[in-house]
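Participant: Next up, final01.txt (compact mmCIF, N, CA and C atoms).
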# COMPACT_ATOMS: atom_id res chain seq x y z
N MET A 19 -132.66 -222.28 -7.78
CA MET A 19 -131.50 -221.68 -8.46
C MET A 19 -131.90 -221.14 -9.83
N LYS A 20 -132.72 -221.90 -10.57
CA LYS A 20 -133.14 -221.46 -11.89
C LYS A 20 -133.85 -220.11 -11.82
N ASN A 21 -134.71 -219.92 -10.81
CA ASN A 21 -135.43 -218.67 -10.69
C ASN A 21 -134.49 -217.50 -10.46
N LYS A 22 -133.44 -217.70 -9.68
CA LYS A 22 -132.47 -216.62 -9.46
C LYS A 22 -131.72 -216.30 -10.75
N ILE A 23 -131.37 -217.33 -11.49
CA ILE A 23 -130.68 -217.12 -12.77
C ILE A 23 -131.61 -216.40 -13.74
N THR A 24 -132.85 -216.83 -13.81
CA THR A 24 -133.82 -216.17 -14.68
C THR A 24 -133.99 -214.71 -14.27
N GLU A 25 -134.06 -214.48 -12.97
CA GLU A 25 -134.21 -213.11 -12.48
C GLU A 25 -133.04 -212.23 -12.90
N VAL A 26 -131.84 -212.79 -12.83
CA VAL A 26 -130.66 -212.03 -13.25
C VAL A 26 -130.76 -211.70 -14.74
N ARG A 27 -131.13 -212.70 -15.54
CA ARG A 27 -131.20 -212.49 -16.99
C ARG A 27 -132.26 -211.46 -17.34
N VAL A 28 -133.47 -211.60 -16.83
CA VAL A 28 -134.56 -210.72 -17.24
C VAL A 28 -134.42 -209.31 -16.65
N ASN A 29 -133.49 -209.12 -15.75
CA ASN A 29 -133.21 -207.79 -15.22
C ASN A 29 -131.87 -207.24 -15.71
N SER A 30 -131.28 -207.95 -16.67
CA SER A 30 -130.02 -207.51 -17.25
C SER A 30 -130.29 -206.47 -18.34
N CYS A 31 -129.72 -205.29 -18.16
CA CYS A 31 -129.90 -204.23 -19.15
C CYS A 31 -129.41 -204.70 -20.52
N GLY A 32 -128.26 -205.36 -20.55
CA GLY A 32 -127.71 -205.84 -21.82
C GLY A 32 -128.64 -206.80 -22.53
N TRP A 33 -129.21 -207.74 -21.78
CA TRP A 33 -130.11 -208.72 -22.38
C TRP A 33 -131.38 -208.03 -22.89
N LEU A 34 -131.94 -207.13 -22.09
CA LEU A 34 -133.16 -206.43 -22.48
C LEU A 34 -132.94 -205.57 -23.73
N VAL A 35 -131.82 -204.85 -23.78
CA VAL A 35 -131.51 -204.03 -24.95
C VAL A 35 -131.33 -204.91 -26.17
N LYS A 36 -130.66 -206.06 -25.98
CA LYS A 36 -130.44 -206.98 -27.11
C LYS A 36 -131.76 -207.51 -27.65
N VAL A 37 -132.67 -207.92 -26.77
CA VAL A 37 -133.96 -208.45 -27.21
C VAL A 37 -134.74 -207.40 -27.98
N LEU A 38 -134.78 -206.18 -27.44
CA LEU A 38 -135.47 -205.09 -28.13
C LEU A 38 -134.80 -204.78 -29.47
N SER A 39 -133.47 -204.77 -29.48
CA SER A 39 -132.73 -204.49 -30.71
C SER A 39 -133.02 -205.55 -31.78
N LEU A 40 -133.03 -206.81 -31.39
CA LEU A 40 -133.33 -207.88 -32.35
C LEU A 40 -134.74 -207.73 -32.92
N ARG A 41 -135.69 -207.39 -32.05
CA ARG A 41 -137.07 -207.20 -32.50
C ARG A 41 -137.17 -206.03 -33.47
N MET A 42 -136.51 -204.93 -33.12
CA MET A 42 -136.58 -203.75 -33.99
C MET A 42 -135.83 -203.98 -35.29
N ASP A 43 -134.69 -204.68 -35.23
CA ASP A 43 -133.96 -205.01 -36.46
C ASP A 43 -134.81 -205.86 -37.39
N LYS A 44 -135.54 -206.82 -36.83
CA LYS A 44 -136.41 -207.67 -37.65
C LYS A 44 -137.48 -206.83 -38.34
N ASP A 45 -138.08 -205.92 -37.59
CA ASP A 45 -139.09 -205.04 -38.18
C ASP A 45 -138.49 -204.12 -39.24
N MET A 46 -137.29 -203.60 -38.96
CA MET A 46 -136.61 -202.74 -39.94
C MET A 46 -136.29 -203.54 -41.20
N GLU A 47 -135.78 -204.76 -41.04
CA GLU A 47 -135.44 -205.59 -42.20
C GLU A 47 -136.68 -205.85 -43.06
N THR A 48 -137.81 -206.09 -42.43
CA THR A 48 -139.06 -206.33 -43.17
C THR A 48 -139.43 -205.09 -43.97
N GLU A 49 -139.43 -203.95 -43.31
CA GLU A 49 -139.81 -202.70 -43.99
C GLU A 49 -138.81 -202.32 -45.07
N LEU A 50 -137.52 -202.43 -44.76
CA LEU A 50 -136.49 -202.07 -45.73
C LEU A 50 -136.47 -203.04 -46.91
N GLY A 51 -136.79 -204.31 -46.63
CA GLY A 51 -136.81 -205.32 -47.69
C GLY A 51 -137.79 -204.97 -48.79
N ASP A 52 -138.85 -204.26 -48.44
CA ASP A 52 -139.82 -203.82 -49.45
C ASP A 52 -139.18 -202.86 -50.46
N HIS A 53 -138.03 -202.29 -50.08
CA HIS A 53 -137.32 -201.35 -50.95
C HIS A 53 -135.97 -201.91 -51.41
N GLY A 54 -135.77 -203.22 -51.20
CA GLY A 54 -134.53 -203.87 -51.62
C GLY A 54 -133.33 -203.49 -50.76
N LEU A 55 -133.58 -203.08 -49.52
CA LEU A 55 -132.50 -202.66 -48.63
C LEU A 55 -132.49 -203.50 -47.37
N ASN A 56 -131.42 -203.34 -46.58
CA ASN A 56 -131.35 -203.98 -45.27
C ASN A 56 -130.85 -202.97 -44.25
N VAL A 57 -130.72 -203.40 -43.01
CA VAL A 57 -130.33 -202.49 -41.93
C VAL A 57 -128.95 -201.89 -42.16
N LYS A 58 -128.03 -202.65 -42.72
CA LYS A 58 -126.69 -202.12 -42.98
C LYS A 58 -126.73 -201.03 -44.05
N HIS A 59 -127.52 -201.26 -45.09
CA HIS A 59 -127.70 -200.21 -46.11
C HIS A 59 -128.30 -198.97 -45.48
N PHE A 60 -129.26 -199.19 -44.60
CA PHE A 60 -129.98 -198.10 -43.94
C PHE A 60 -129.01 -197.15 -43.23
N ALA A 61 -128.11 -197.70 -42.43
CA ALA A 61 -127.18 -196.85 -41.67
C ALA A 61 -126.32 -196.01 -42.60
N THR A 62 -125.84 -196.61 -43.67
CA THR A 62 -125.00 -195.88 -44.61
C THR A 62 -125.78 -194.81 -45.35
N LEU A 63 -126.97 -195.15 -45.80
CA LEU A 63 -127.80 -194.16 -46.51
C LEU A 63 -128.20 -193.01 -45.58
N MET A 64 -128.56 -193.32 -44.36
CA MET A 64 -128.93 -192.25 -43.42
C MET A 64 -127.74 -191.33 -43.16
N THR A 65 -126.55 -191.90 -43.07
CA THR A 65 -125.35 -191.09 -42.87
C THR A 65 -125.16 -190.14 -44.04
N LEU A 66 -125.34 -190.63 -45.25
CA LEU A 66 -125.18 -189.78 -46.44
C LEU A 66 -126.33 -188.78 -46.59
N LEU A 67 -127.51 -189.13 -46.12
CA LEU A 67 -128.61 -188.18 -46.14
C LEU A 67 -128.37 -187.05 -45.15
N GLU A 68 -127.69 -187.37 -44.05
CA GLU A 68 -127.32 -186.34 -43.07
C GLU A 68 -126.26 -185.41 -43.64
N GLN A 69 -125.26 -186.01 -44.30
CA GLN A 69 -124.18 -185.23 -44.91
C GLN A 69 -123.64 -186.00 -46.11
N ASP A 70 -123.89 -185.49 -47.26
CA ASP A 70 -123.46 -186.10 -48.51
C ASP A 70 -121.99 -185.76 -48.77
N ASN A 71 -121.40 -186.46 -49.73
CA ASN A 71 -120.03 -186.14 -50.19
C ASN A 71 -118.98 -186.46 -49.14
N LEU A 72 -119.11 -187.63 -48.52
CA LEU A 72 -118.14 -188.08 -47.52
C LEU A 72 -117.18 -189.09 -48.15
N THR A 73 -116.04 -189.28 -47.52
CA THR A 73 -115.14 -190.34 -47.95
C THR A 73 -115.61 -191.66 -47.34
N GLN A 74 -115.12 -192.75 -47.88
CA GLN A 74 -115.46 -194.06 -47.34
C GLN A 74 -115.02 -194.16 -45.89
N THR A 75 -113.87 -193.62 -45.57
CA THR A 75 -113.36 -193.65 -44.20
C THR A 75 -114.30 -192.90 -43.26
N GLU A 76 -114.77 -191.74 -43.69
CA GLU A 76 -115.70 -190.96 -42.85
C GLU A 76 -116.99 -191.72 -42.62
N ILE A 77 -117.49 -192.38 -43.65
CA ILE A 77 -118.72 -193.17 -43.52
C ILE A 77 -118.49 -194.32 -42.54
N ALA A 78 -117.39 -195.03 -42.71
CA ALA A 78 -117.07 -196.17 -41.83
C ALA A 78 -117.02 -195.73 -40.37
N GLN A 79 -116.40 -194.59 -40.12
CA GLN A 79 -116.31 -194.09 -38.75
C GLN A 79 -117.68 -193.74 -38.19
N ARG A 80 -118.50 -193.11 -39.00
CA ARG A 80 -119.81 -192.67 -38.51
C ARG A 80 -120.76 -193.83 -38.25
N VAL A 81 -120.71 -194.86 -39.08
CA VAL A 81 -121.60 -196.00 -38.86
C VAL A 81 -120.95 -197.09 -38.00
N ARG A 82 -119.70 -196.85 -37.63
CA ARG A 82 -118.95 -197.76 -36.76
C ARG A 82 -118.78 -199.15 -37.37
N ASN A 83 -118.38 -199.14 -38.65
CA ASN A 83 -118.10 -200.37 -39.38
C ASN A 83 -116.63 -200.40 -39.77
N PRO A 84 -116.05 -201.59 -39.89
CA PRO A 84 -114.70 -201.67 -40.46
C PRO A 84 -114.72 -201.20 -41.92
N GLN A 85 -113.56 -200.74 -42.40
CA GLN A 85 -113.46 -200.23 -43.77
C GLN A 85 -113.95 -201.24 -44.81
N TYR A 86 -113.54 -202.51 -44.66
CA TYR A 86 -113.90 -203.50 -45.67
C TYR A 86 -115.41 -203.72 -45.73
N VAL A 87 -116.10 -203.65 -44.57
CA VAL A 87 -117.55 -203.80 -44.56
C VAL A 87 -118.20 -202.62 -45.28
N THR A 88 -117.70 -201.43 -44.99
CA THR A 88 -118.23 -200.23 -45.63
C THR A 88 -118.01 -200.29 -47.14
N SER A 89 -116.85 -200.75 -47.55
CA SER A 89 -116.56 -200.86 -48.98
C SER A 89 -117.56 -201.78 -49.68
N ARG A 90 -117.85 -202.91 -49.06
CA ARG A 90 -118.81 -203.85 -49.66
C ARG A 90 -120.22 -203.28 -49.69
N LEU A 91 -120.58 -202.57 -48.61
CA LEU A 91 -121.91 -201.94 -48.59
C LEU A 91 -122.03 -200.89 -49.69
N LEU A 92 -120.97 -200.11 -49.85
CA LEU A 92 -120.99 -199.09 -50.90
C LEU A 92 -121.07 -199.72 -52.28
N ASP A 93 -120.40 -200.86 -52.47
CA ASP A 93 -120.50 -201.58 -53.74
C ASP A 93 -121.97 -201.92 -54.05
N LYS A 94 -122.66 -202.43 -53.04
CA LYS A 94 -124.07 -202.81 -53.21
C LYS A 94 -124.95 -201.59 -53.50
N LEU A 95 -124.70 -200.51 -52.77
CA LEU A 95 -125.49 -199.29 -52.99
C LEU A 95 -125.20 -198.68 -54.35
N GLU A 96 -123.96 -198.83 -54.80
CA GLU A 96 -123.60 -198.33 -56.13
C GLU A 96 -124.28 -199.18 -57.22
N GLU A 97 -124.32 -200.50 -57.02
CA GLU A 97 -125.00 -201.38 -57.96
C GLU A 97 -126.49 -201.01 -58.08
N ARG A 98 -127.07 -200.61 -56.96
CA ARG A 98 -128.48 -200.22 -56.93
C ARG A 98 -128.69 -198.79 -57.40
N GLN A 99 -127.62 -198.13 -57.78
CA GLN A 99 -127.64 -196.74 -58.28
C GLN A 99 -128.19 -195.75 -57.25
N LEU A 100 -127.85 -196.03 -55.98
CA LEU A 100 -128.24 -195.12 -54.90
C LEU A 100 -127.11 -194.16 -54.54
N ILE A 101 -125.88 -194.57 -54.84
CA ILE A 101 -124.71 -193.72 -54.60
C ILE A 101 -123.78 -193.81 -55.81
N GLU A 102 -122.85 -192.88 -55.87
CA GLU A 102 -121.74 -193.01 -56.81
C GLU A 102 -120.48 -192.52 -56.12
N ARG A 103 -119.37 -193.07 -56.56
CA ARG A 103 -118.07 -192.67 -56.04
C ARG A 103 -117.44 -191.72 -57.04
N ARG A 104 -116.92 -190.62 -56.51
CA ARG A 104 -116.24 -189.64 -57.36
C ARG A 104 -114.84 -189.41 -56.82
N PRO A 105 -113.89 -189.14 -57.70
CA PRO A 105 -112.52 -188.87 -57.21
C PRO A 105 -112.51 -187.70 -56.23
N ASP A 106 -111.73 -187.86 -55.19
CA ASP A 106 -111.58 -186.79 -54.19
C ASP A 106 -110.57 -185.79 -54.73
N PRO A 107 -110.95 -184.54 -54.90
CA PRO A 107 -110.02 -183.55 -55.45
C PRO A 107 -108.83 -183.28 -54.54
N ASN A 108 -108.94 -183.67 -53.26
CA ASN A 108 -107.85 -183.43 -52.30
C ASN A 108 -106.93 -184.63 -52.11
N SER A 109 -107.29 -185.78 -52.69
CA SER A 109 -106.49 -186.98 -52.50
C SER A 109 -106.65 -187.91 -53.69
N ARG A 110 -105.53 -188.32 -54.26
CA ARG A 110 -105.59 -189.23 -55.40
C ARG A 110 -105.99 -190.64 -54.97
N ARG A 111 -105.86 -190.94 -53.69
CA ARG A 111 -106.14 -192.30 -53.21
C ARG A 111 -107.59 -192.53 -52.79
N SER A 112 -108.32 -191.48 -52.53
CA SER A 112 -109.67 -191.70 -52.01
C SER A 112 -110.73 -191.13 -52.95
N HIS A 113 -111.94 -191.55 -52.65
CA HIS A 113 -113.10 -191.12 -53.42
C HIS A 113 -114.12 -190.51 -52.47
N ARG A 114 -114.93 -189.64 -53.02
CA ARG A 114 -116.06 -189.07 -52.29
C ARG A 114 -117.29 -189.89 -52.67
N VAL A 115 -118.13 -190.14 -51.70
CA VAL A 115 -119.36 -190.89 -51.95
C VAL A 115 -120.51 -189.89 -51.94
N VAL A 116 -121.26 -189.88 -53.02
CA VAL A 116 -122.39 -188.96 -53.14
C VAL A 116 -123.65 -189.73 -53.50
N LEU A 117 -124.76 -189.23 -53.01
CA LEU A 117 -126.05 -189.83 -53.32
C LEU A 117 -126.45 -189.47 -54.75
N THR A 118 -127.06 -190.41 -55.43
CA THR A 118 -127.67 -190.14 -56.73
C THR A 118 -129.08 -189.60 -56.47
N ASP A 119 -129.79 -189.28 -57.51
CA ASP A 119 -131.18 -188.86 -57.34
C ASP A 119 -132.00 -189.97 -56.67
N ASN A 120 -131.74 -191.22 -57.08
CA ASN A 120 -132.41 -192.36 -56.44
C ASN A 120 -132.08 -192.42 -54.95
N GLY A 121 -130.82 -192.18 -54.61
CA GLY A 121 -130.41 -192.18 -53.21
C GLY A 121 -131.07 -191.07 -52.42
N ARG A 122 -131.12 -189.90 -53.01
CA ARG A 122 -131.77 -188.76 -52.33
C ARG A 122 -133.27 -189.00 -52.14
N SER A 123 -133.87 -189.80 -53.01
CA SER A 123 -135.30 -190.10 -52.86
C SER A 123 -135.58 -190.90 -51.59
N MET A 124 -134.56 -191.52 -51.03
CA MET A 124 -134.72 -192.27 -49.78
C MET A 124 -134.99 -191.35 -48.59
N LYS A 125 -134.78 -190.05 -48.79
CA LYS A 125 -135.01 -189.08 -47.71
C LYS A 125 -136.46 -189.07 -47.25
N GLN A 126 -137.36 -189.44 -48.12
CA GLN A 126 -138.78 -189.52 -47.77
C GLN A 126 -139.13 -190.88 -47.17
N ILE A 127 -138.47 -191.90 -47.64
CA ILE A 127 -138.83 -193.28 -47.28
C ILE A 127 -138.25 -193.71 -45.94
N LEU A 128 -136.94 -193.50 -45.74
CA LEU A 128 -136.27 -194.04 -44.55
C LEU A 128 -136.78 -193.46 -43.24
N PRO A 129 -136.94 -192.14 -43.11
CA PRO A 129 -137.48 -191.64 -41.84
C PRO A 129 -138.88 -192.16 -41.53
N ALA A 130 -139.69 -192.37 -42.55
CA ALA A 130 -141.03 -192.91 -42.34
C ALA A 130 -140.96 -194.34 -41.80
N ILE A 131 -140.00 -195.10 -42.30
CA ILE A 131 -139.81 -196.47 -41.79
C ILE A 131 -139.41 -196.44 -40.32
N VAL A 132 -138.46 -195.58 -39.99
CA VAL A 132 -138.01 -195.46 -38.59
C VAL A 132 -139.19 -195.10 -37.70
N LYS A 133 -139.97 -194.16 -38.15
CA LYS A 133 -141.12 -193.72 -37.35
C LYS A 133 -142.10 -194.87 -37.10
N ARG A 134 -142.39 -195.65 -38.15
CA ARG A 134 -143.32 -196.78 -37.99
C ARG A 134 -142.75 -197.85 -37.05
N VAL A 135 -141.47 -198.19 -37.22
CA VAL A 135 -140.86 -199.23 -36.38
C VAL A 135 -140.78 -198.76 -34.93
N ASN A 136 -140.40 -197.51 -34.72
CA ASN A 136 -140.37 -196.98 -33.34
C ASN A 136 -141.76 -196.99 -32.72
N LYS A 137 -142.74 -196.54 -33.48
CA LYS A 137 -144.11 -196.49 -32.97
C LYS A 137 -144.58 -197.88 -32.56
N LYS A 138 -144.33 -198.85 -33.42
CA LYS A 138 -144.75 -200.23 -33.13
C LYS A 138 -144.08 -200.76 -31.87
N ASN A 139 -142.77 -200.59 -31.77
CA ASN A 139 -142.03 -201.20 -30.68
C ASN A 139 -142.07 -200.43 -29.37
N LEU A 140 -142.34 -199.14 -29.45
CA LEU A 140 -142.39 -198.33 -28.24
C LEU A 140 -143.82 -197.99 -27.83
N SER A 141 -144.81 -198.60 -28.47
CA SER A 141 -146.21 -198.28 -28.21
C SER A 141 -146.64 -198.51 -26.76
N PRO A 142 -146.03 -199.43 -26.02
CA PRO A 142 -146.45 -199.56 -24.61
C PRO A 142 -146.06 -198.35 -23.75
N LEU A 143 -145.18 -197.49 -24.26
CA LEU A 143 -144.75 -196.31 -23.50
C LEU A 143 -145.54 -195.09 -23.93
N ASP A 144 -145.80 -194.21 -22.96
CA ASP A 144 -146.43 -192.94 -23.33
C ASP A 144 -145.35 -192.01 -23.88
N THR A 145 -145.76 -190.86 -24.36
CA THR A 145 -144.83 -189.92 -25.02
C THR A 145 -143.68 -189.53 -24.11
N ASP A 146 -143.97 -189.21 -22.85
CA ASP A 146 -142.91 -188.83 -21.91
C ASP A 146 -141.94 -189.97 -21.66
N GLU A 147 -142.46 -191.18 -21.54
CA GLU A 147 -141.60 -192.35 -21.32
C GLU A 147 -140.70 -192.60 -22.53
N ARG A 148 -141.25 -192.46 -23.73
CA ARG A 148 -140.43 -192.63 -24.95
C ARG A 148 -139.31 -191.60 -25.00
N THR A 149 -139.65 -190.36 -24.70
CA THR A 149 -138.65 -189.28 -24.70
C THR A 149 -137.56 -189.57 -23.68
N GLU A 150 -137.96 -190.02 -22.50
CA GLU A 150 -137.00 -190.33 -21.44
C GLU A 150 -136.12 -191.52 -21.82
N LEU A 151 -136.71 -192.55 -22.42
CA LEU A 151 -135.93 -193.71 -22.85
C LEU A 151 -134.86 -193.29 -23.85
N ILE A 152 -135.23 -192.51 -24.83
CA ILE A 152 -134.28 -192.04 -25.84
C ILE A 152 -133.18 -191.20 -25.19
N ARG A 153 -133.57 -190.32 -24.28
CA ARG A 153 -132.60 -189.48 -23.58
C ARG A 153 -131.61 -190.34 -22.79
N LEU A 154 -132.11 -191.34 -22.09
CA LEU A 154 -131.24 -192.20 -21.28
C LEU A 154 -130.32 -193.05 -22.16
N LEU A 155 -130.83 -193.56 -23.27
CA LEU A 155 -129.99 -194.35 -24.17
C LEU A 155 -128.86 -193.48 -24.75
N LYS A 156 -129.18 -192.26 -25.15
CA LYS A 156 -128.15 -191.35 -25.66
C LYS A 156 -127.10 -191.07 -24.59
N LYS A 157 -127.56 -190.87 -23.35
CA LYS A 157 -126.64 -190.62 -22.25
C LYS A 157 -125.71 -191.82 -22.03
N LEU A 158 -126.28 -193.02 -22.02
CA LEU A 158 -125.48 -194.23 -21.82
C LEU A 158 -124.45 -194.42 -22.94
N LEU A 159 -124.83 -194.06 -24.16
CA LEU A 159 -123.95 -194.23 -25.31
C LEU A 159 -123.00 -193.06 -25.52
N GLY A 160 -123.19 -192.00 -24.74
CA GLY A 160 -122.31 -190.82 -24.86
C GLY A 160 -122.60 -190.00 -26.10
N PHE A 161 -123.83 -190.06 -26.59
CA PHE A 161 -124.21 -189.30 -27.78
C PHE A 161 -124.67 -187.91 -27.35
N ASP A 162 -124.10 -186.92 -27.96
CA ASP A 162 -124.51 -185.54 -27.68
C ASP A 162 -124.77 -184.86 -29.02
N PHE A 163 -126.02 -184.63 -29.32
CA PHE A 163 -126.40 -184.01 -30.58
C PHE A 163 -126.83 -182.57 -30.42
N SER A 164 -126.45 -181.97 -29.28
CA SER A 164 -126.90 -180.61 -29.00
C SER A 164 -126.19 -179.56 -29.85
N SER A 165 -125.00 -179.89 -30.37
CA SER A 165 -124.27 -178.89 -31.16
C SER A 165 -124.58 -178.98 -32.62
Would you put the structure from the file into C-alpha cells?
Facilitator:
Amino acid sequence: MKNKITEVRVNSCGWLVKVLSLRMDKDMETELGDHGLNVKHFATLMTLLEQDNLTQTEIAQRVRNPQYVTSRLLDKLEERQLIERRPDPNSRRSHRVVLTDNGRSMKQILPAIVKRVNKKNLSPLDTDERTELIRLLKKLLGFDFSS
C-alpha cells in the first residue's frame, strides 16, 4: 500500500510543482538576500520595472497579493528607498508608486538573479525541454503574453 501511495505522490503534478517551487524560492531568497530583498519584494519590484507609476491596487492585482500585504511590502521598499509614493492626480484617495533611482538600478540585478536560478534548477533539461516546460506552465496558468 505504501508503494502505491508513494507512486501517487511522486506522480502528482501539484506535489512536483510545489517541490520545484520551494527549491527555486530558496535559491531566490539566497540570491535576493545578498541585496537585502526577498521573493515578495522581488515580485513587486519586477512589476514596477515592467510598468512604473502604478497604484497600490494595480500592483496588488498584478502580483496576486491582498491589499494589506502589498501595503506592507511597499512600506518596506519605501524604507529601503527603492520606491516612493506620490499623490495620484486623478484620485485624492490613492497614490502612485514609482521607482526611485535605487529601484530602477534593480533592472540590472533582478533579471540576472532569475537567469541564474532558472539555469541552476532547470539544468537537467535541454533548451527545447526548458522552452516546452515554460510554454506548458503558461498554458496551465492561462498566461498569454503574446499581446
Participant: If I take CA of His53 in chain A and CA of Ser39 in chain A, how far is one from the other in Å, to one decimal?
Facilitator: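 Value for the CA of His53 in chain A-CA of Ser39 in chain A distance: 21.0 Å.
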Participant: Would you please extract all strand (DSSP E) residues from range 42-112 of chain A, as assigned by DSSP on the backbone, and give them as a list in words?
Facilitator: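 Here are the strand (DSSP E) residues of range 42-112 of chain A: Leu72, Thr73, Ile101, Glu102, Arg103, Arg104, Pro105, Asp106, Ser109, Arg110, Arg111 and Ser112 of chain A.
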Participant: Excluding range 90-106 of chain A and its own-chain neighbours fewer than 4 positions away, which residues fall within 12 Å of it when counting only C-alpha atoms? Please give them as a ChimeraX atom specification.
Facilitator: /A:53-64,66-67,70-75,77-78,81,83-86,110-125
Participant: What is the distance between atom C of Lys138 in chain A and CA of Leu154 in chain A, in Å to one decimal?
Facilitator: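 Between atom C of Lys138 in chain A and CA of Leu154 in chain A the gap works out to 18.7 Å.
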Participant: How many Å separate CA of Arg134 in chain A from CA of Phe161 in chain A?
Facilitator: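 Computing it gives 22.9 Å between the two atoms.
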Participant: Rank A:Leu140, A:Thr24, A:Ile131, A:Gly32 by their smallest atom-to-atom distance to Ile152 in chain A, using only C-alpha atoms, and report the top residue only.
Facilitator: A:Leu140
Participant: Hey, what does DSSP flag as alpha helix (DSSP H) within range 58-141 of chain A? Can you give it to me as a ChimeraX atom specification?
Facilitator: /A:58-68,74-81,85-97,119-122,124-140
Participant: Box for range 43-57 of chain A - axis-aligned, 6 Å on each of the six sides, all listed atoms - centre and size in Å to one decimal, as JSON.
Facilitator:
{"center_x": -134.4, "center_y": -204.5, "center_z": -43.4, "size_x": 22.9, "size_y": 18.3, "size_z": 28.4}
Participant: From the set A:Val87, A:Arg153, A:Cys31, A:Met42, which residue has the shortest atom-to-atom contact distance to Asn139 in chain A, counting only N, CA and C atoms?
Facilitator: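 Answer, going by the shortest atom-to-atom distance: A:Met42.
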